[in-house]
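What's in query.txt: compact mmCIF, C-alpha atoms
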```txt
# COMPACT_ATOMS: atom_id res chain seq x y z
CA MET A 1 25.37 67.94 18.25
CA SER A 2 24.20 66.23 15.05
CA ASN A 3 26.34 66.46 11.91
CA GLU A 4 23.62 68.51 10.31
CA ARG A 5 23.77 71.05 13.15
CA VAL A 6 27.57 71.22 13.08
CA GLU A 7 27.54 71.86 9.33
CA VAL A 8 24.89 74.55 9.58
CA THR A 9 26.80 76.25 12.44
CA GLN A 10 30.06 76.18 10.49
CA SER A 11 28.46 77.58 7.38
CA ILE A 12 26.90 80.41 9.42
CA TYR A 13 30.32 81.41 10.79
CA SER A 14 32.17 81.25 7.46
CA GLU A 15 29.42 83.18 5.63
CA ASN A 16 29.48 85.75 8.43
CA ASP A 17 33.27 86.18 8.31
CA ARG A 18 33.28 86.58 4.53
CA ILE A 19 30.75 89.41 4.74
CA ALA A 20 32.56 90.99 7.72
CA ALA A 21 35.78 91.13 5.66
CA GLN A 22 33.93 92.88 2.82
CA THR A 23 32.39 95.38 5.23
CA ARG A 24 35.76 96.16 6.77
CA GLN A 25 37.18 96.76 3.29
CA PHE A 26 34.33 99.18 2.66
CA PHE A 27 35.14 100.99 5.93
CA ASP A 28 38.81 101.20 4.91
CA GLN A 29 37.87 102.72 1.56
CA SER A 30 35.67 105.25 3.40
CA SER A 31 38.45 106.00 5.93
CA VAL A 32 36.09 105.01 8.71
CA PHE A 33 37.50 103.27 11.77
CA ALA A 34 34.87 100.83 13.07
CA VAL A 35 34.61 99.98 16.76
CA ASN A 36 32.53 96.99 17.87
CA VAL A 37 31.33 98.00 21.34
CA MET A 38 30.51 94.94 23.43
CA GLY A 39 29.41 94.49 27.05
CA ALA A 40 26.75 93.16 29.39
CA PRO A 41 23.35 94.87 29.76
CA GLY A 42 23.81 98.10 31.68
CA ALA A 43 27.62 98.03 31.52
CA GLY A 44 27.61 101.62 30.29
CA LYS A 45 28.11 101.15 26.55
CA THR A 46 26.01 104.10 25.42
CA SER A 47 27.39 106.53 28.02
CA SER A 48 30.94 105.47 27.16
CA ILE A 49 30.39 106.02 23.43
CA ILE A 50 29.01 109.50 24.11
CA HIS A 51 32.00 110.42 26.31
CA LEU A 52 34.49 109.09 23.75
CA ILE A 53 32.80 111.06 20.96
CA ASN A 54 32.79 114.22 23.08
CA SER A 55 36.48 113.68 23.85
CA LEU A 56 37.31 113.59 20.12
CA PRO A 57 35.52 116.69 18.77
CA HIS A 58 38.03 117.02 15.91
CA LEU A 59 36.82 113.67 14.48
CA ARG A 60 33.49 112.95 12.79
CA SER A 61 31.63 110.16 14.58
CA TYR A 62 28.81 107.86 13.54
CA VAL A 63 26.85 105.36 15.64
CA LEU A 64 24.98 102.16 14.85
CA GLU A 65 22.81 101.28 17.86
CA GLY A 66 22.12 97.57 18.27
CA ASP A 67 19.19 96.63 20.50
CA ILE A 68 16.79 93.73 20.61
CA GLU A 69 13.97 96.25 20.90
CA SER A 70 13.53 99.98 21.67
CA ASP A 71 15.28 103.06 20.31
CA ILE A 72 16.01 104.71 23.66
CA ASP A 73 19.74 105.08 22.98
CA THR A 74 19.32 106.26 19.40
CA ILE A 75 17.06 109.09 20.59
CA LYS A 76 19.71 109.99 23.19
CA MET A 77 22.46 110.06 20.52
CA LYS A 78 20.41 112.06 18.01
CA ASN A 79 19.53 114.63 20.68
CA LEU A 80 23.28 115.17 21.01
CA GLY A 81 23.58 115.74 17.26
CA ILE A 82 25.33 112.43 16.55
CA GLU A 83 24.46 110.71 13.26
CA THR A 84 22.93 107.47 14.56
CA LEU A 85 21.00 104.57 13.07
CA GLN A 86 19.01 102.03 15.07
CA ILE A 87 19.29 98.29 14.43
CA ASN A 88 16.63 96.19 16.17
CA THR A 89 17.24 92.45 16.14
CA TYR A 90 13.84 91.49 17.65
CA GLY A 91 15.19 88.59 19.66
CA ALA A 92 18.65 87.94 18.24
CA CYS A 93 21.29 88.04 20.95
CA HIS A 94 24.13 89.60 18.91
CA LEU A 95 24.81 91.60 15.76
CA ASP A 96 26.11 89.65 12.81
CA ALA A 97 27.90 90.77 9.66
CA PRO A 98 24.92 90.59 7.25
CA THR A 99 22.80 92.74 9.61
CA VAL A 100 25.53 95.38 9.92
CA ARG A 101 26.26 95.39 6.18
CA LYS A 102 22.60 96.08 5.43
CA ALA A 103 22.39 98.81 8.10
CA ILE A 104 25.39 100.87 6.96
CA ASP A 105 23.55 101.87 3.78
CA GLY A 106 21.48 104.08 6.08
CA LEU A 107 24.49 106.05 7.36
CA SER A 108 26.06 108.83 5.32
CA LEU A 109 29.69 108.08 6.29
CA ALA A 110 30.16 111.37 4.45
CA GLU A 111 33.54 112.10 6.00
CA PRO A 112 36.38 110.02 7.40
CA GLY A 113 35.95 109.31 11.08
CA LEU A 114 34.87 106.84 13.74
CA LEU A 115 31.95 104.45 13.63
CA PHE A 116 30.81 103.05 16.97
CA ILE A 117 28.70 99.92 16.54
CA GLU A 118 26.95 99.28 19.86
CA ASN A 119 26.31 95.56 20.02
CA ILE A 120 23.47 93.85 21.92
CA GLY A 121 24.03 93.92 25.68
CA ASN A 122 25.43 90.44 26.15
CA LEU A 123 28.82 89.37 27.45
CA VAL A 124 28.70 86.05 25.60
CA CYS A 125 27.44 85.83 22.01
CA PRO A 126 28.66 89.10 20.40
CA ALA A 127 32.29 88.06 20.97
CA GLU A 128 31.80 85.17 18.54
CA PHE A 129 30.82 87.26 15.51
CA MET A 130 32.96 89.64 13.47
CA ILE A 131 30.84 92.42 12.01
CA GLY A 132 33.42 94.34 9.98
CA GLU A 133 35.07 96.12 12.91
CA HIS A 134 38.68 97.23 13.19
CA ILE A 135 38.69 96.73 16.94
CA LYS A 136 36.50 95.30 19.67
CA LEU A 137 36.00 97.64 22.64
CA LEU A 138 34.81 95.80 25.74
CA ILE A 139 32.84 97.74 28.35
CA CYS A 140 32.68 96.19 31.80
CA SER A 141 31.26 97.81 34.93
CA VAL A 142 32.65 97.39 38.44
CA ALA A 143 29.06 96.66 39.55
CA GLU A 144 29.25 93.38 37.59
CA GLY A 145 31.98 92.17 39.95
CA SER A 146 35.66 91.41 39.57
CA ASP A 147 35.16 87.77 38.52
CA LYS A 148 33.86 88.53 35.04
CA PRO A 149 37.07 87.66 33.10
CA TYR A 150 36.99 84.20 34.67
CA LYS A 151 33.33 83.57 33.86
CA TYR A 152 33.14 85.17 30.39
CA PRO A 153 36.65 84.65 29.01
CA LEU A 154 35.97 84.97 25.26
CA ALA A 155 34.90 88.62 25.39
CA PHE A 156 38.01 89.53 27.39
CA GLU A 157 40.25 87.43 25.16
CA LYS A 158 39.00 89.07 21.96
CA ALA A 159 38.96 92.67 23.21
CA ASP A 160 41.43 95.17 21.74
CA MET A 161 40.65 97.75 24.41
CA ILE A 162 38.74 97.56 27.69
CA LEU A 163 36.87 100.24 29.63
CA LEU A 164 36.19 99.50 33.28
CA THR A 165 33.17 101.71 34.00
CA LYS A 166 31.32 103.04 37.06
CA ILE A 167 34.53 103.19 39.09
CA ASP A 168 32.78 105.58 41.49
CA LEU A 169 30.93 102.49 42.78
CA LYS A 170 34.08 100.48 43.54
CA SER A 171 33.98 100.85 47.30
CA PHE A 172 30.24 100.05 47.42
CA VAL A 173 30.53 96.77 45.53
CA ASP A 174 33.81 95.43 47.01
CA PHE A 175 35.44 95.37 43.58
CA ASP A 176 38.75 93.48 43.76
CA ASP A 177 41.18 95.26 41.40
CA ARG A 178 43.92 92.66 41.74
CA PHE A 179 41.62 89.71 40.98
CA PHE A 180 40.09 91.49 37.99
CA GLY A 181 43.49 92.55 36.61
CA LYS A 182 44.92 89.06 37.04
CA GLY A 183 41.95 87.58 35.16
CA VAL A 184 42.32 90.02 32.26
CA GLN A 185 46.10 89.50 32.06
CA ALA A 186 45.71 85.72 31.89
CA LEU A 187 43.48 86.06 28.82
CA ASN A 188 44.80 89.11 27.05
CA LYS A 189 48.22 90.74 27.21
CA ASN A 190 47.51 93.38 24.55
CA ALA A 191 44.30 95.17 25.45
CA ALA A 192 44.86 98.30 27.52
CA VAL A 193 42.37 98.76 30.36
CA PHE A 194 41.06 102.25 31.15
CA GLU A 195 39.11 103.12 34.29
CA VAL A 196 36.29 105.56 33.65
CA ASP A 197 33.36 107.21 35.36
CA ALA A 198 30.59 108.42 33.09
CA ARG A 199 29.07 110.57 35.86
CA THR A 200 32.12 112.83 36.08
CA GLY A 201 33.76 112.03 32.73
CA GLU A 202 36.90 110.88 34.55
CA GLY A 203 39.24 108.77 32.45
CA PHE A 204 37.57 109.24 29.06
CA ALA A 205 40.08 111.78 27.68
CA THR A 206 42.92 109.27 28.15
CA ALA A 207 40.85 106.40 26.75
CA ALA A 208 39.88 108.50 23.73
CA ARG A 209 43.53 109.33 22.99
CA HIS A 210 44.31 105.61 23.00
CA LEU A 211 41.38 104.91 20.69
CA GLU A 212 42.58 107.59 18.29
CA GLU A 213 46.04 106.04 18.35
CA LEU A 214 44.55 102.62 17.46
CA ALA A 215 42.68 104.27 14.57
CA ARG A 216 45.90 105.93 13.38
CA ARG A 217 47.74 102.59 13.46
CA ALA A 218 44.96 100.90 11.45
CA ARG A 219 45.34 103.51 8.70
CA SER A 220 49.10 103.17 8.41
CA MET B 1 17.16 82.56 7.14
CA SER B 2 17.33 79.51 4.85
CA ASN B 3 14.67 76.80 5.11
CA GLU B 4 17.33 74.44 6.35
CA ARG B 5 18.22 76.82 9.19
CA VAL B 6 14.58 77.40 10.13
CA GLU B 7 13.95 73.63 10.27
CA VAL B 8 17.05 72.98 12.38
CA THR B 9 16.11 75.82 14.76
CA GLN B 10 12.54 74.52 15.14
CA SER B 11 13.73 70.98 15.78
CA ILE B 12 16.15 72.24 18.47
CA TYR B 13 13.30 74.02 20.31
CA SER B 14 10.85 71.13 20.13
CA GLU B 15 13.45 68.55 21.21
CA ASN B 16 14.42 70.88 24.06
CA ASP B 17 10.81 71.36 25.24
CA ARG B 18 10.11 67.63 25.18
CA ILE B 19 13.10 66.92 27.43
CA ALA B 20 12.25 69.88 29.69
CA ALA B 21 8.75 68.44 30.25
CA GLN B 22 10.27 65.06 31.22
CA THR B 23 12.69 66.74 33.62
CA ARG B 24 9.90 68.71 35.26
CA GLN B 25 7.92 65.50 35.70
CA PHE B 26 10.97 63.98 37.41
CA PHE B 27 11.20 67.02 39.72
CA ASP B 28 7.47 66.65 40.56
CA GLN B 29 7.97 62.97 41.44
CA SER B 30 10.92 63.96 43.66
CA SER B 31 8.90 66.79 45.28
CA VAL B 32 11.57 69.22 44.17
CA PHE B 33 10.53 72.75 43.13
CA ALA B 34 12.89 73.91 40.39
CA VAL B 35 13.74 77.59 39.95
CA ASN B 36 15.43 78.78 36.75
CA VAL B 37 17.48 81.77 37.91
CA MET B 38 18.16 84.15 35.04
CA GLY B 39 19.89 87.51 34.83
CA ALA B 40 22.69 89.54 33.25
CA PRO B 41 26.34 89.01 34.27
CA GLY B 42 26.86 90.45 37.74
CA ALA B 43 23.16 90.98 38.43
CA GLY B 44 23.57 89.21 41.77
CA LYS B 45 22.21 85.75 40.94
CA THR B 46 24.54 83.80 43.25
CA SER B 47 24.17 86.17 46.21
CA SER B 48 20.40 86.16 45.80
CA ILE B 49 20.26 82.35 45.76
CA ILE B 50 22.34 82.21 48.94
CA HIS B 51 20.08 84.72 50.72
CA LEU B 52 16.92 82.89 49.63
CA ILE B 53 18.32 79.57 50.85
CA ASN B 54 19.33 81.12 54.18
CA SER B 55 15.85 82.61 54.52
CA LEU B 56 14.27 79.15 54.14
CA PRO B 57 16.27 77.03 56.62
CA HIS B 58 13.34 74.63 57.08
CA LEU B 59 13.60 73.57 53.42
CA ARG B 60 16.32 71.46 51.83
CA SER B 61 17.99 73.31 48.95
CA TYR B 62 20.08 72.17 46.01
CA VAL B 63 21.94 74.25 43.43
CA LEU B 64 23.00 73.68 39.84
CA GLU B 65 25.56 76.33 38.92
CA GLY B 66 25.65 77.19 35.22
CA ASP B 67 28.76 78.99 33.98
CA ILE B 68 30.56 79.14 30.67
CA GLU B 69 33.80 78.53 32.56
CA SER B 70 35.05 78.58 36.18
CA ASP B 71 33.63 77.10 39.38
CA ILE B 72 33.91 80.21 41.54
CA ASP B 73 30.25 80.16 42.59
CA THR B 74 30.12 76.41 43.21
CA ILE B 75 33.04 76.71 45.65
CA LYS B 76 31.20 79.57 47.37
CA MET B 77 28.03 77.46 47.68
CA LYS B 78 29.83 74.33 48.90
CA ASN B 79 31.68 76.36 51.52
CA LEU B 80 28.24 77.26 52.89
CA GLY B 81 27.27 73.59 53.04
CA ILE B 82 24.86 73.74 50.10
CA GLU B 83 24.72 70.66 47.84
CA THR B 84 25.87 72.15 44.54
CA LEU B 85 26.91 70.85 41.15
CA GLN B 86 28.77 72.83 38.50
CA ILE B 87 27.70 72.85 34.86
CA ASN B 88 30.25 74.40 32.48
CA THR B 89 28.98 75.09 28.98
CA TYR B 90 32.38 76.11 27.52
CA GLY B 91 31.01 78.76 25.24
CA ALA B 92 27.26 78.10 25.14
CA CYS B 93 25.30 81.18 26.13
CA HIS B 94 22.42 79.46 27.97
CA LEU B 95 21.47 76.21 29.67
CA ASP B 96 19.26 73.88 27.68
CA ALA B 97 17.08 70.97 28.76
CA PRO B 98 19.43 68.13 27.67
CA THR B 99 22.33 69.70 29.61
CA VAL B 100 20.25 70.06 32.78
CA ARG B 101 18.79 66.56 32.47
CA LYS B 102 22.27 65.08 32.30
CA ALA B 103 23.51 67.18 35.22
CA ILE B 104 20.76 66.29 37.70
CA ASP B 105 22.05 62.71 37.89
CA GLY B 106 24.91 64.22 39.89
CA LEU B 107 22.64 65.68 42.59
CA SER B 108 21.20 63.52 45.38
CA LEU B 109 17.78 65.25 45.51
CA ALA B 110 17.52 63.00 48.57
CA GLU B 111 14.73 64.99 50.19
CA PRO B 112 11.91 67.20 48.92
CA GLY B 113 12.96 70.82 48.60
CA LEU B 114 14.10 73.60 46.30
CA LEU B 115 16.45 73.36 43.37
CA PHE B 116 17.99 76.62 42.17
CA ILE B 117 19.37 76.32 38.65
CA GLU B 118 21.62 79.34 38.08
CA ASN B 119 21.60 79.98 34.35
CA ILE B 120 24.43 81.59 32.34
CA GLY B 121 24.69 85.33 32.98
CA ASN B 122 22.82 86.59 29.96
CA LEU B 123 19.63 88.63 29.79
CA VAL B 124 18.76 87.35 26.31
CA CYS B 125 19.18 83.68 25.40
CA PRO B 126 18.27 81.81 28.62
CA ALA B 127 14.71 83.18 28.42
CA GLU B 128 14.16 81.19 25.21
CA PHE B 129 14.86 77.74 26.66
CA MET B 130 12.79 75.76 29.16
CA ILE B 131 15.03 73.53 31.25
CA GLY B 132 12.47 71.70 33.41
CA GLU B 133 11.81 74.56 35.83
CA HIS B 134 8.59 75.30 37.68
CA ILE B 135 9.27 79.01 37.66
CA LYS B 136 11.68 81.52 36.16
CA LEU B 137 13.20 83.91 38.69
CA LEU B 138 14.64 87.01 37.05
CA ILE B 139 17.43 88.89 38.83
CA CYS B 140 18.02 92.47 37.72
CA SER B 141 20.31 94.98 39.39
CA VAL B 142 19.62 98.70 39.70
CA ALA B 143 23.17 99.25 38.39
CA GLU B 144 22.00 97.92 35.01
CA GLY B 145 19.65 100.88 34.70
CA SER B 146 15.89 101.28 34.67
CA ASP B 147 15.51 100.78 30.89
CA LYS B 148 16.18 97.04 30.94
CA PRO B 149 12.54 95.87 30.51
CA TYR B 150 12.32 97.95 27.33
CA LYS B 151 15.56 96.60 25.87
CA TYR B 152 15.32 92.95 26.96
CA PRO B 153 11.57 92.30 26.98
CA LEU B 154 11.50 88.50 26.70
CA ALA B 155 13.21 87.84 30.05
CA PHE B 156 10.80 90.20 31.81
CA GLU B 157 7.80 88.77 29.97
CA LYS B 158 8.64 85.18 30.91
CA ALA B 159 9.58 85.81 34.55
CA ASP B 160 7.34 84.41 37.31
CA MET B 161 9.09 86.45 39.98
CA ILE B 162 11.59 89.33 39.80
CA LEU B 163 14.25 90.45 42.25
CA LEU B 164 15.54 93.98 41.84
CA THR B 165 18.99 93.79 43.46
CA LYS B 166 21.64 96.21 44.74
CA ILE B 167 18.98 98.73 45.80
CA ASP B 168 21.58 100.37 48.05
CA LEU B 169 23.08 101.79 44.81
CA LYS B 170 19.85 103.41 43.60
CA SER B 171 20.81 106.99 44.42
CA PHE B 172 24.27 106.56 42.89
CA VAL B 173 23.02 105.30 39.52
CA ASP B 174 19.93 107.53 39.10
CA PHE B 175 17.64 104.52 38.95
CA ASP B 176 14.16 105.58 37.81
CA ASP B 177 11.65 103.44 39.76
CA ARG B 178 8.64 104.67 37.84
CA PHE B 179 10.16 104.01 34.41
CA PHE B 180 11.33 100.53 35.44
CA GLY B 181 7.97 99.64 37.01
CA LYS B 182 6.06 100.87 33.97
CA GLY B 183 8.26 98.75 31.70
CA VAL B 184 7.74 95.61 33.78
CA GLN B 185 3.97 96.18 34.03
CA ALA B 186 3.63 96.56 30.26
CA LEU B 187 5.20 93.12 29.75
CA ASN B 188 4.10 91.15 32.77
CA LYS B 189 1.13 91.65 35.06
CA ASN B 190 1.73 88.52 37.16
CA ALA B 191 5.33 88.53 38.35
CA ALA B 192 5.79 90.13 41.76
CA VAL B 193 8.86 92.39 42.03
CA PHE B 194 10.90 92.36 45.26
CA GLU B 195 13.57 94.92 46.07
CA VAL B 196 16.58 93.39 47.78
CA ASP B 197 20.06 94.27 48.99
CA ALA B 198 22.48 91.36 49.31
CA ARG B 199 24.89 93.42 51.42
CA THR B 200 22.40 93.83 54.28
CA GLY B 201 20.00 91.00 53.44
CA GLU B 202 17.15 93.51 53.20
CA GLY B 203 14.08 92.22 51.38
CA PHE B 204 15.07 88.57 51.08
CA ALA B 205 12.82 87.26 53.87
CA THR B 206 9.75 88.64 52.09
CA ALA B 207 10.93 87.37 48.70
CA ALA B 208 11.63 83.93 50.18
CA ARG B 209 8.11 83.74 51.64
CA HIS B 210 6.69 84.46 48.20
CA LEU B 211 8.92 81.82 46.62
CA GLU B 212 7.74 79.28 49.19
CA GLU B 213 4.15 80.20 48.39
CA LEU B 214 4.78 79.62 44.66
CA ALA B 215 6.28 76.20 45.50
CA ARG B 216 3.23 75.36 47.65
CA ARG B 217 0.88 76.30 44.80
CA ALA B 218 2.85 74.13 42.35
CA ARG B 219 2.37 71.09 44.61
CA SER B 220 -1.37 71.54 45.03
```
Give the structure from this file in structure tokens form.
Amino acid sequence: MSNERVEVTQSIYSENDRIAAQTRQFFDQSSVFAVNVMGAPGAGKTSSIIHLINSLPHLRSYVLEGDIESDIDTIKMKNLGIETLQINTYGACHLDAPTVRKAIDGLSLAEPGLLFIENIGNLVCPAEFMIGEHIKLLICSVAEGSDKPYKYPLAFEKADMILLTKIDLKSFVDFDDRFFGKGVQALNKNAAVFEVDARTGEGFATAARHLEELARRARS
Amino acid sequence: MSNERVEVTQSIYSENDRIAAQTRQFFDQSSVFAVNVMGAPGAGKTSSIIHLINSLPHLRSYVLEGDIESDIDTIKMKNLGIETLQINTYGACHLDAPTVRKAIDGLSLAEPGLLFIENIGNLVCPAEFMIGEHIKLLICSVAEGSDKPYKYPLAFEKADMILLTKIDLKSFVDFDDRFFGKGVQALNKNAAVFEVDARTGEGFATAARHLEELARRARS
């Protein structure tokens, strides 16, 4: 990489992190706990967010929907009565802090609560950019295979909490629990892993309690 | 984006495309048909490559395995007797032309045949970079959901051929054939879509015949 490219890259990251820190401060002042939801395309990010919100009816929830194009998931959320705002990146492979900072003006954040920021479906780039979140929630489906921690280590390393989704498909896709668990453990000793099934709702109540506990800790 | 950033970005693309054109010329001289295999993490890229190679035993095949980290798939390929070389990008979210050009020195390309270049598992960034390929083969699994063309249009738009994988899971994941097909059609009228199941091998013989036909057309 040329010096010019290295300098530009570095300045992008430091500018991003500065804005992310400001955004997080704003969330703290608003008593909003921000969750950066990351995962590959089709991992089950939207379904997981909906189940977590439904499992925490005593909390107000907000959603920022990141997509390259389309507003399919925002329509889904709004139909459920969830205050949701669409961010379209038109090509960009991740959300960054300036984009999120601009978008939050469009949310009321009228009451304390949870803000789920659904990142672009991509197991690589989103893990590199802070966007003002308190925690990163990684969504990974058994259909992606048990080797994902080995192939995409950064996302697993940076996660504060992991949902393993579509566990009803385990037997059909030869998912190797031991291999997956070993891969996660090697990268991340702190993130709890929760097995969930969005078709039946299995596992989400427990995962939601853990999320609420993380939010409580962030406040204290 | 600052002018400086726009200029740097443009120069990266044009430098990349220049090298990609040279690489493709080299493949033409070697009578090697290069296939850029793109898809999300866990879409079934490696399994699909193996099935296509097995379906074309009369052709010599080579593989370049792109991964951020690990050599899990290269070991799998080599155990099957396929000449394979690992590329690790250590963070980079796609293969680019300079990386591929450097890597091909490590392959014999001793006989005419097929070269499968398995890109990083990412449904966004790889579609933006030519790497010297003759065609882009997009791998998409039914487990990712039928809305993928709408959310990740560039990969579908640029594909020359599409494999819809894991079709044995269709009924379990409520895959909507009509919605998926309509999304693909709106973006791409030329790429044939083949439904395949790597567990049984279903569909790969037909897909392989089409791939061979595309290779034949490229030579003439």
**Message:** With only C-alpha atoms considered, list every residue of chain B at most 9 Å from chain A, as an MDAnalysis selection string.
**Reply:** chainID B and resid 4:5 8 40:44 67:72 91:93 121:125 141 143:145 147:148 150:154 166 168:169 172:173 199
**Prompt:** What does the distance between CA of Ala97 (chain B) and CA of Ile117 (chain B) come to in Å, to one decimal place?
**Reply:**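 Distance between the two atoms: 11.5 Å.
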**Selection as a PyMOL selection string: residues within 9 Å of (25.1, 102.6, 14.5), counting all atoms listed in the file** = chain A and resi 62-66+74+83-87+100+103-104+107+115-118
**Item:** Two-atom distance - CA of Met38 (chain A), CA of Ile162 (chain A) (Å)
**Value:**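 Between these atoms lies a distance of 9.6 Å.
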**Item:** Coordinates-based distance that separates CA of Phe129 (chain A) from CA of Arg209 (chain A) (Å, one decimal)
**Value:**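 Between these atoms lies a distance of 26.5 Å.
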**Request:** Tell me which protein, DNA and RNA residues are within 10 Å of region 22-28 of chain A, counting all atoms listed in the file, leaving out same-chain ones fewer than 2 positions away, and put them as a list in words.
**Result:** Asp17, Arg18, Ile19, Ala20, Ser30, Ser31, Val32, Phe33, Ala34, Ala97, Pro98, Val100, Arg101, Lys102, Ile104, Leu109, Pro112, Gly113, Leu114, Leu115, Met130, Ile131, Gly132, Glu133, His134, Ala218 and Arg219 of chain A
